[in-house]
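Shown next: model07.tsv, given as TSV, C-alpha atoms.
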chain	number	residue	atom	x	y	z
M	173	MET	CA	132.25	137.45	111.77
M	174	ILE	CA	135.64	138.52	110.43
M	175	LEU	CA	138.28	140.61	112.19
M	176	TYR	CA	141.31	141.86	110.26
M	177	VAL	CA	144.41	141.91	112.46
M	178	ILE	CA	147.51	143.79	111.32
M	179	ASP	CA	150.42	143.02	113.64
M	180	ASP	CA	154.00	141.97	112.85
M	181	ASP	CA	154.10	139.78	115.98
M	182	SER	CA	153.09	136.27	114.92
M	183	GLY	CA	152.56	135.30	118.57
M	184	THR	CA	149.98	138.05	119.02
M	185	ARG	CA	148.20	137.03	115.83
M	186	ARG	CA	148.01	133.37	116.91
M	187	HIS	CA	146.89	134.35	120.40
M	188	LEU	CA	144.04	136.46	119.07
M	189	GLN	CA	142.97	133.69	116.70
M	190	ALA	CA	142.78	131.20	119.56
M	191	CYS	CA	141.05	133.56	121.98
M	192	LEU	CA	138.41	134.88	119.58
M	193	LYS	CA	137.51	131.65	117.77
M	194	PRO	CA	135.12	130.47	120.55
M	195	SER	CA	133.22	133.75	120.12
M	196	GLY	CA	132.62	133.00	116.45
M	197	ILE	CA	135.14	135.59	115.28
M	198	THR	CA	137.47	134.56	112.45
M	199	VAL	CA	140.78	136.40	112.64
M	200	TRP	CA	142.21	137.26	109.22
M	201	PRO	CA	145.86	138.06	110.04
M	202	PHE	CA	148.29	140.31	108.20
M	203	ALA	CA	151.93	140.66	109.20
M	204	HIS	CA	152.38	143.99	107.42
M	205	ALA	CA	150.18	146.96	106.63
M	206	ASP	CA	151.15	146.93	102.97
M	207	LEU	CA	149.91	143.34	102.61
M	208	PHE	CA	146.55	144.40	103.97
M	209	LEU	CA	146.37	147.37	101.60
M	210	GLU	CA	147.19	145.12	98.64
M	211	GLN	CA	144.23	142.88	99.40
M	212	LEU	CA	141.90	145.68	100.50
M	213	PRO	CA	139.97	145.90	97.19
M	214	THR	CA	138.91	142.25	97.58
M	215	LEU	CA	137.96	142.43	101.26
M	216	LYS	CA	134.49	142.96	102.63
M	217	PRO	CA	133.72	145.44	105.44
M	218	ALA	CA	134.84	144.24	108.88
M	219	PRO	CA	136.54	145.67	111.96
M	220	ILE	CA	140.31	146.19	111.79
M	221	LEU	CA	142.68	145.70	114.72
M	222	ILE	CA	145.89	147.63	114.08
M	223	GLU	CA	149.10	147.54	116.09
M	224	LEU	CA	150.40	151.07	115.80
M	225	ARG	CA	154.05	150.10	115.41
M	226	THR	CA	153.53	147.49	112.68
M	227	PRO	CA	156.30	147.88	109.98
M	228	PRO	CA	157.01	148.64	107.19
M	229	ALA	CA	154.07	151.06	107.07
M	230	HIS	CA	153.32	151.47	110.78
M	231	GLY	CA	149.81	151.69	112.14
M	232	LEU	CA	149.48	155.46	111.86
M	233	GLY	CA	150.49	155.20	108.21
M	234	LEU	CA	147.85	152.52	107.64
M	235	LEU	CA	145.17	154.64	109.30
M	236	SER	CA	146.16	157.53	107.04
M	237	ALA	CA	145.98	155.29	103.96
M	238	LEU	CA	142.51	154.07	104.94
M	239	ALA	CA	141.32	157.65	105.42
M	240	GLN	CA	142.65	158.63	101.99
M	241	ARG	CA	140.70	155.74	100.48
M	242	ASP	CA	137.55	156.76	102.40
M	243	ILE	CA	137.42	153.36	104.12
M	244	ARG	CA	135.17	153.83	107.12
M	245	TRP	CA	135.44	150.39	108.64
M	246	PRO	CA	135.88	150.61	112.43
M	247	ALA	CA	139.59	150.55	113.25
M	248	ILE	CA	140.74	149.61	116.74
M	249	ALA	CA	144.32	150.69	117.36
M	250	ILE	CA	146.43	148.88	119.95
M	251	THR	CA	149.72	150.10	121.35
M	252	ALA	CA	152.20	149.20	124.05
M	253	ARG	CA	153.04	152.88	124.45
M	254	THR	CA	151.14	155.12	126.84
M	255	ASP	CA	151.87	158.22	124.81
M	256	ALA	CA	148.74	160.37	124.67
M	257	THR	CA	150.09	162.16	121.60
M	258	VAL	CA	150.04	158.88	119.65
M	259	THR	CA	146.48	158.27	120.86
M	260	VAL	CA	145.34	161.68	119.65
M	261	GLU	CA	147.02	161.21	116.27
M	262	ALA	CA	145.41	157.78	115.84
M	263	MET	CA	141.98	159.23	116.55
M	264	LYS	CA	142.56	162.09	114.11
M	265	LEU	CA	143.41	159.53	111.45
M	266	GLY	CA	140.21	157.57	111.99
M	267	ALA	CA	140.74	155.04	114.78
M	268	THR	CA	137.44	154.41	116.55
M	269	GLU	CA	139.22	153.30	119.73
M	270	VAL	CA	142.78	153.06	121.05
M	271	LEU	CA	143.55	150.24	123.49
M	272	ASP	CA	146.67	149.81	125.60
M	273	MET	CA	148.60	146.54	125.53
M	274	PRO	CA	148.54	144.03	127.04
M	275	LEU	CA	144.90	143.75	126.02
M	276	GLU	CA	142.37	143.09	128.75
M	277	PRO	CA	139.87	140.44	127.51
M	278	GLU	CA	136.82	142.37	128.75
M	279	THR	CA	138.02	145.63	127.23
M	280	LEU	CA	138.74	143.99	123.88
M	281	ALA	CA	135.41	142.16	123.86
M	282	ALA	CA	133.49	145.38	124.51
M	283	ALA	CA	135.43	147.22	121.79
M	284	LEU	CA	134.75	144.42	119.29
M	285	ASP	CA	131.03	144.42	120.13
M	286	ARG	CA	130.88	148.12	119.32
M	287	ALA	CA	132.93	147.61	116.16
M	288	PHE	CA	130.68	144.86	114.79
M	289	GLU	CA	127.63	147.02	115.50
M	290	ARG	CA	129.25	149.82	113.49
M	291	VAL	CA	129.95	147.45	110.61
M	292	ALA	CA	126.31	146.36	110.51
M	293	THR	CA	125.20	150.00	110.46
M	294	LEU	CA	127.74	150.83	107.77
M	295	VAL	CA	126.69	147.91	105.56
M	296	ASN	CA	123.02	148.89	105.84
M	297	TRP	CA	123.79	152.51	105.11
M	298	THR	CA	125.98	151.58	102.14
M	299	ALA	CA	123.15	149.53	100.64
M	300	GLN	CA	120.70	152.35	101.29
M	301	ARG	CA	123.09	154.86	99.72
M	302	GLY	CA	123.59	152.64	96.68
M	303	ALA	CA	119.85	152.32	96.13
M	304	ALA	CA	119.40	156.08	96.44
M	305	ARG	CA	122.23	156.79	94.00
M	306	ALA	CA	120.75	154.35	91.51
M	307	ARG	CA	117.47	156.30	91.60
M	308	LEU	CA	119.24	159.65	91.28
M	309	ASP	CA	121.16	158.37	88.26
M	310	LEU	CA	117.83	158.10	86.44
M	311	LEU	CA	117.40	161.89	86.53
M	312	THR	CA	118.45	164.19	83.73
M	313	GLU	CA	120.76	167.07	84.64
M	314	ARG	CA	117.86	169.55	84.52
M	315	GLU	CA	115.73	167.30	86.73
M	316	ARG	CA	118.61	167.07	89.22
M	317	ASN	CA	118.85	170.87	89.31
M	318	VAL	CA	115.12	171.12	89.95
M	319	VAL	CA	115.41	168.59	92.77
M	320	ARG	CA	118.30	170.53	94.33
M	321	ALA	CA	116.21	173.70	94.28
M	322	MET	CA	113.07	172.02	95.59
M	323	ILE	CA	114.71	170.43	98.61
M	324	VAL	CA	116.02	173.80	99.82
M	325	GLY	CA	112.52	175.24	99.69
M	326	GLN	CA	112.51	177.23	96.45
M	327	THR	CA	109.13	177.82	94.81
M	328	ASN	CA	108.34	176.79	91.25
M	329	LYS	CA	108.38	180.46	90.26
M	330	ALA	CA	111.82	181.04	91.77
M	331	ILE	CA	113.17	177.88	90.15
M	332	ALA	CA	111.74	178.92	86.79
M	333	GLN	CA	113.37	182.35	87.01
M	334	ALA	CA	116.74	180.91	88.04
M	335	MET	CA	116.73	178.32	85.24
M	336	ALA	CA	115.16	180.63	82.62
M	337	ILE	CA	112.27	178.24	81.99
M	338	SER	CA	108.52	178.46	82.56
M	339	PRO	CA	106.83	177.39	85.83
M	340	ARG	CA	104.89	174.81	83.81
M	341	THR	CA	108.19	173.26	82.66
M	342	VAL	CA	109.37	173.18	86.28
M	343	GLU	CA	106.17	171.32	87.16
M	344	GLY	CA	106.91	168.80	84.43
M	345	HIS	CA	110.47	168.22	85.69
M	346	ARG	CA	109.14	167.90	89.23
M	347	ALA	CA	106.61	165.27	88.21
M	348	GLN	CA	109.26	163.30	86.32
M	349	ALA	CA	111.66	163.49	89.25
M	350	LEU	CA	109.05	162.25	91.73
M	351	ARG	CA	108.21	159.35	89.42
M	352	LYS	CA	111.85	158.33	88.82
M	353	LEU	CA	112.73	158.59	92.52
M	354	ASN	CA	109.59	156.63	93.40
M	355	VAL	CA	108.47	159.18	95.99
M	356	SER	CA	105.30	161.20	96.42
M	357	SER	CA	106.47	164.32	98.27
M	358	VAL	CA	109.38	166.70	98.69
M	359	ALA	CA	109.97	165.34	102.19
M	360	GLU	CA	110.49	161.84	100.75
M	361	MET	CA	112.67	163.36	98.06
M	362	VAL	CA	114.96	164.71	100.79
M	363	TYR	CA	115.45	161.15	102.08
M	364	VAL	CA	116.71	160.04	98.69
M	365	ALA	CA	118.76	163.17	98.01
M	366	VAL	CA	120.58	162.99	101.36
M	367	ASP	CA	121.18	159.25	101.13
M	368	GLY	CA	122.42	159.54	97.57
M	369	GLY	CA	124.72	162.48	98.23
M	370	LEU	CA	122.84	164.97	96.07
M	371	ALA	CA	122.10	167.02	99.19
M	372	PRO	CA	124.93	166.84	101.75
M	373	ARG	CA	123.41	166.37	105.17
M	374	GLU	CA	125.26	169.28	106.78
M	375	ARG	CA	124.15	171.75	104.11
M	376	TRP	CA	120.61	170.40	104.22
M	377	LEU	CA	120.38	170.89	107.98
M	378	ASP	CA	121.72	174.44	107.58
M	379	THR	CA	118.92	175.35	105.17
M	380	PRO	CA	116.53	177.65	107.08
M	381	GLU	CA	113.41	176.61	105.18
M	382	LEU	CA	113.92	172.91	105.80
M	383	ALA	CA	115.43	173.32	109.26
M	384	ARG	CA	112.14	174.87	110.33
M	385	SER	CA	110.31	171.78	109.11
M	386	LEU	CA	112.23	169.50	111.46
M	387	ARG	CA	110.39	168.65	114.65
M	388	GLU	CA	111.51	166.62	117.64
M	389	GLY	CA	110.83	162.95	116.95
M	390	SER	CA	109.68	163.42	113.35
M	391	PRO	CA	110.54	160.51	111.01
M	392	LEU	CA	112.49	162.82	108.73
M	393	ALA	CA	114.50	164.30	111.59
M	394	ASN	CA	115.26	160.85	112.94
M	395	HIS	CA	116.33	159.62	109.51
M	396	VAL	CA	118.81	162.44	109.01
M	397	SER	CA	120.16	162.32	112.57
M	398	GLN	CA	120.83	158.58	112.28
M	399	LEU	CA	122.94	158.81	109.14
M	400	PRO	CA	126.55	157.85	109.87
M	401	ASP	CA	128.75	160.74	110.98
M	402	PRO	CA	132.14	159.03	111.32
M	403	GLY	CA	134.05	161.95	112.74
M	404	ARG	CA	131.57	162.72	115.48
M	405	SER	CA	130.82	159.11	116.36
M	406	ARG	CA	134.55	158.35	116.60
M	407	PHE	CA	135.07	161.19	119.05
M	408	ASP	CA	131.99	160.40	121.15
M	409	ASN	CA	132.97	156.75	121.39
M	410	PHE	CA	136.60	157.61	122.17
M	411	ALA	CA	135.62	160.07	124.90
M	412	ALA	CA	133.10	157.67	126.45
M	413	THR	CA	135.45	154.68	126.58
M	414	SER	CA	138.82	156.34	127.10
M	415	PRO	CA	140.59	155.46	130.37
M	416	ASP	CA	142.10	158.96	130.21
M	417	GLY	CA	140.26	162.15	131.04
M	418	ILE	CA	138.95	164.03	127.99
M	419	LEU	CA	138.23	167.70	128.58
M	420	CYS	CA	137.33	170.40	126.07
M	421	ALA	CA	136.62	174.04	126.86
M	422	ASP	CA	135.42	177.02	124.88
M	423	HIS	CA	137.14	180.39	124.52
M	424	ASP	CA	135.87	181.47	127.96
M	425	GLY	CA	137.36	178.39	129.59
M	426	ARG	CA	133.90	176.84	130.10
M	427	ILE	CA	133.78	173.06	129.91
M	428	ILE	CA	131.95	171.63	126.90
M	429	VAL	CA	133.22	168.03	127.03
M	430	TRP	CA	133.78	166.05	130.26
M	431	ASN	CA	134.00	162.27	130.04
M	432	ALA	CA	133.58	159.46	132.60
M	433	ALA	CA	137.32	159.32	133.28
M	434	CYS	CA	137.24	163.01	134.27
M	435	GLU	CA	134.40	162.21	136.66
M	436	THR	CA	136.58	159.57	138.33
M	437	LEU	CA	139.70	161.70	138.32
M	438	PHE	CA	138.21	164.93	139.69
M	439	GLY	CA	135.01	163.87	141.44
M	440	PHE	CA	132.64	166.13	139.49
M	441	SER	CA	129.83	164.50	137.50
M	442	THR	CA	129.33	165.51	133.87
M	443	ASP	CA	126.20	167.50	134.80
M	444	GLN	CA	128.17	169.34	137.48
M	445	ALA	CA	131.13	170.10	135.21
M	446	LEU	CA	129.51	171.14	131.94
M	447	GLY	CA	129.18	174.89	131.67
M	448	GLN	CA	131.56	175.52	134.57
M	449	THR	CA	134.95	177.10	134.01
M	450	ILE	CA	138.00	174.89	134.23
M	451	ALA	CA	138.84	176.76	137.42
M	452	ILE	CA	136.78	174.11	139.26
M	453	ILE	CA	139.76	171.75	139.03
M	454	ASP	CA	142.48	174.36	139.58
M	455	PRO	CA	144.17	174.30	143.00
M	456	ARG	CA	143.46	177.21	145.34
M	457	GLU	CA	147.20	177.61	145.97
M	458	ARG	CA	148.91	177.39	142.59
M	459	GLY	CA	152.45	178.04	143.83
M	460	ASN	CA	154.71	178.07	140.80
M	461	ALA	CA	152.64	175.60	138.76
M	462	LEU	CA	151.10	176.60	135.47
M	463	SER	CA	147.32	176.25	135.86
M	464	LEU	CA	144.70	175.04	133.41
M	465	GLN	CA	143.00	178.43	133.58
M	466	GLN	CA	146.26	180.12	132.58
M	467	LEU	CA	146.63	177.73	129.67
M	468	ALA	CA	143.20	178.66	128.36
M	469	ALA	CA	143.67	182.38	128.94
M	470	ARG	CA	147.11	182.58	127.33
M	471	GLY	CA	146.36	180.25	124.42
M	472	ALA	CA	149.61	178.37	125.04
M	473	ALA	CA	149.88	177.54	121.36
M	474	HIS	CA	153.51	176.58	121.82
M	475	LEU	CA	152.40	173.69	124.05
M	476	VAL	CA	150.09	172.10	121.48
M	477	GLY	CA	151.29	168.60	120.67
M	478	THR	CA	153.40	168.36	123.82
M	479	THR	CA	152.76	166.81	127.23
M	480	VAL	CA	152.78	169.15	130.23
M	481	THR	CA	152.37	168.50	133.96
M	482	LEU	CA	150.06	170.72	136.00
M	483	ASP	CA	148.49	170.98	139.44
M	484	ALA	CA	144.78	170.23	139.77
M	485	THR	CA	142.27	169.76	142.57
M	486	HIS	CA	139.75	167.00	143.29
M	487	ARG	CA	136.22	167.99	144.25
M	488	GLY	CA	136.98	166.85	147.79
M	489	GLY	CA	139.86	169.31	148.05
M	490	SER	CA	142.81	166.98	147.63
M	491	LYS	CA	145.51	168.05	145.22
M	492	LEU	CA	146.87	165.97	142.38
M	493	ALA	CA	149.36	166.39	139.57
M	494	VAL	CA	148.11	165.65	136.07
M	495	THR	CA	149.71	165.42	132.65
M	496	LEU	CA	147.95	166.93	129.66
M	497	SER	CA	148.33	166.49	125.93
M	498	LEU	CA	146.94	169.76	124.64
M	499	SER	CA	145.15	170.60	121.40
M	500	MET	CA	143.54	173.81	120.17
M	501	TRP	CA	141.25	174.86	117.35
M	502	ARG	CA	139.34	177.89	116.08
M	503	GLU	CA	135.56	177.91	116.17
M	504	ASP	CA	133.40	180.92	115.29
M	505	GLY	CA	136.53	183.05	115.40
M	506	GLN	CA	137.37	182.00	118.95
M	507	THR	CA	140.08	179.72	120.33
M	508	HIS	CA	138.89	176.49	122.00
M	509	PHE	CA	141.09	173.89	123.61
M	510	GLY	CA	141.01	170.22	124.52
M	511	ALA	CA	143.17	167.97	126.63
M	512	ILE	CA	143.78	164.30	127.33
M	513	ILE	CA	144.45	164.12	131.08
M	514	ARG	CA	146.21	161.55	133.24
M	515	LYS	CA	147.14	161.51	136.90
M	516	THR	CA	150.90	161.50	137.46
M	517	ASP	CA	153.57	161.70	140.14
M	518	ALA	CA	155.90	163.64	137.85
M	519	PRO	CA	157.27	167.09	138.81
M	520	ARG	CA	155.07	170.04	138.01
M	521	LEU	CA	155.65	172.38	135.11
M	522	ALA	CA	157.23	175.62	136.29
M	523	LYS	CA	155.23	178.76	135.75
M	524	PRO	CA	156.62	180.78	132.81
M	525	ASP	CA	157.88	184.29	133.29
Here is a file; write its structure as structure tokens.
Amino acid sequence: MILYVIDDDSGTRRHLQACLKPSGITVWPFAHADLFLEQLPTLKPAPILIELRTPPAHGLGLLSALAQRDIRWPAIAITARTDATVTVEAMKLGATEVLDMPLEPETLAAALDRAFERVATLVNWTAQRGAARARLDLLTERERNVVRAMIVGQTNKAIAQAMAISPRTVEGHRAQALRKLNVSSVAEMVYVAVDGGLAPRERWLDTPELARSLREGSPLANHVSQLPDPGRSRFDNFAATSPDGILCADHDGRIIVWNAACETLFGFSTDQALGQTIAIIDPRERGNALSLQQLAARGAAHLVGTTVTLDATHRGGSKLAVTLSLSMWREDGQTHFGAIIRKTDAPRLAKPD
């Protein structure tokens, strides 16, 4: 197993090599991000450990470069800073996890286990995608158009009218497509089309005709649901493993994401928190502190990207001060917000006029 390490500290690189060798992990070290990018075309998929302050192109720049190249190898970012804003930016740029330095051996080992599992999944999916694309390349342009129409549920008659050809000709193209793709049904054709990129998964799932054909536990549903979704998997993994509280709420202030760290911090289990308003962790006596509920109600767009300190309440009734790094987005025309939360002893944020 190979691990690419990008860190300008030679001591850290040597330490990781020595510590990970007994586990069968070969550390491939790079002192600078640009050296790694130069060799990237010759490297095979493997996890990447990136120190976020590595010069001359620091870690955030490297993550951005990898995203631009559509490199989906799991990237574990490490940083000596405890700045939640940097953590959020790293995750936006594609980091699968962000670990604080100094690295705890157990934490690093668990992160690497998850990373190597992701690499194995990615390699298998890449091979599967390549095979599907090779089959799709055998189709003529007209056969590809017929396949596109078939997998969204169009009838032969509708396809014929749209393409200004006869239904019999559509049947001929369909037969040729099935033969070239080495499948015997439209359902199997969807497998190949989704894997090969002819039918983007999101658009396919949004198709009413085919969405109705999905059933809980069906092989086709399982196949589509198991295809890699880097953005979602990165967030789920980040939220599950983050030592900081991760909270997201909808436009009504109702909690839609509540991770394990929030459970520890506030005393409410995920089942208890989901669907509740964020008022469950607001103090009964707010004094002059700006509350979470006020943040959601007012939008507080000017606070996005900053760190603020607020009052909150534990399930048991005790009060605590927390710092939040706030983010917001629009969904279905409504404003949603998310926050990375940490307990703090810092002074509270004064309530605005």
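Atom CA of M:Leu498 is found 12.4 Å from atom CA of M:Val258.
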Note to self: Env of M:Leu311: 10 Å cut, atoms = all atoms listed in the file, seq-sep filter 6 positions within chain, self excluded. Answer as a list of chain:residue names.
What the structure shows: M:Asn317, M:Val319, M:His345, M:Gln348, M:Ala349, M:Leu350, M:Arg351, M:Lys352, M:Leu353
Notebook entry, point to check: What separation in Å, quoted to one decimal, exists between atom CA of M:Thr495 and atom CA of M:Ala511?
Noted result: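 Separating atom CA of M:Thr495 from atom CA of M:Ala511 is a distance of 9.2 Å.
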Checklist line | Which residue of M:Arg340, M:Thr184, M:Leu265, M:Leu275 approaches M:Gln240 most closely, using all atoms listed in the file | finding: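 For M:Gln240, the nearest of the given residues is M:Leu265.
Within 8 Å of M:Pro246, once only C-alpha atoms are used and residues closer than 3 positions along the same chain are dropped, the contacting residues are Ala218, Pro219, Ile220, Ala267, Thr268, Ala287, Arg290 and Val291 of chain M.
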Item checked: Polymer residues at most 7 Å from M:Arg301, all atoms listed in the file, same-chain spacing of 3 or more positions, as a list in words ->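 Non-adjacent residues within range: Trp297, Thr298, Ala304, Arg305, Asp367 and Gly368 of chain M.
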Next item on the list: For atom CA of M:Lys491 and atom CA of M:Phe509, determine how far apart the two atoms are, in Å to one decimal place.
Entry: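 These atoms are spaced 22.8 Å apart.
Residue nearest M:Ala365 within the list M:Pro201, M:Pro277, M:Gly302, M:Pro194: M:Gly302 [criterion: smallest interatomic distance, all atoms listed in the file].
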Check: Taking only C-alpha atoms into account, which of M:Thr449, M:Ser357, M:Thr341, M:Gln300 comes nearest M:Asn328?
Finding: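 Using only C-alpha atoms, M:Asn328 sits closest to M:Thr341.
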Checklist line | Non-local contacts of M:Glu289 (12 Å; all atoms listed in the file; under 2 positions in same chain excluded) as a list in words | finding: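 Result of the neighbour search: Met173, Pro217, Ala218, Pro219, Trp245, Pro246, Ala282, Ala283, Leu284, Asp285, Arg286, Ala287, Val291, Ala292, Thr293, Leu294, Val295 and Asn296 of chain M.
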Next item on the list: For M:Cys420, please output as a ChimeraX atom specification all residues within 6 Å (counting all atoms listed in the file; exclusion window: fewer than 5 positions along the same chain).
Entry: /M:427-429,509-510
Next item on the list: Find, counting only C-alpha atoms, the residue in M:Val318, M:Leu209, M:Ala237, M:Val362 that gets nearest to M:Ala332.
Entry: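 Of M:Val318, M:Leu209, M:Ala237, M:Val362, the one nearest M:Ala332, counting only C-alpha atoms, is M:Val318.
Shortest separation to M:Ala421 among M:Gly447, M:Arg514, M:Leu234, M:Ala334 occurs at residue M:Gly447, atoms counted being all atoms listed in the file.
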Check: Which one is closest to M:Val260: M:Asp416, M:Glu343, M:Asp181, M:Glu360? Count all atoms listed in the file.
Finding: M:Asp416
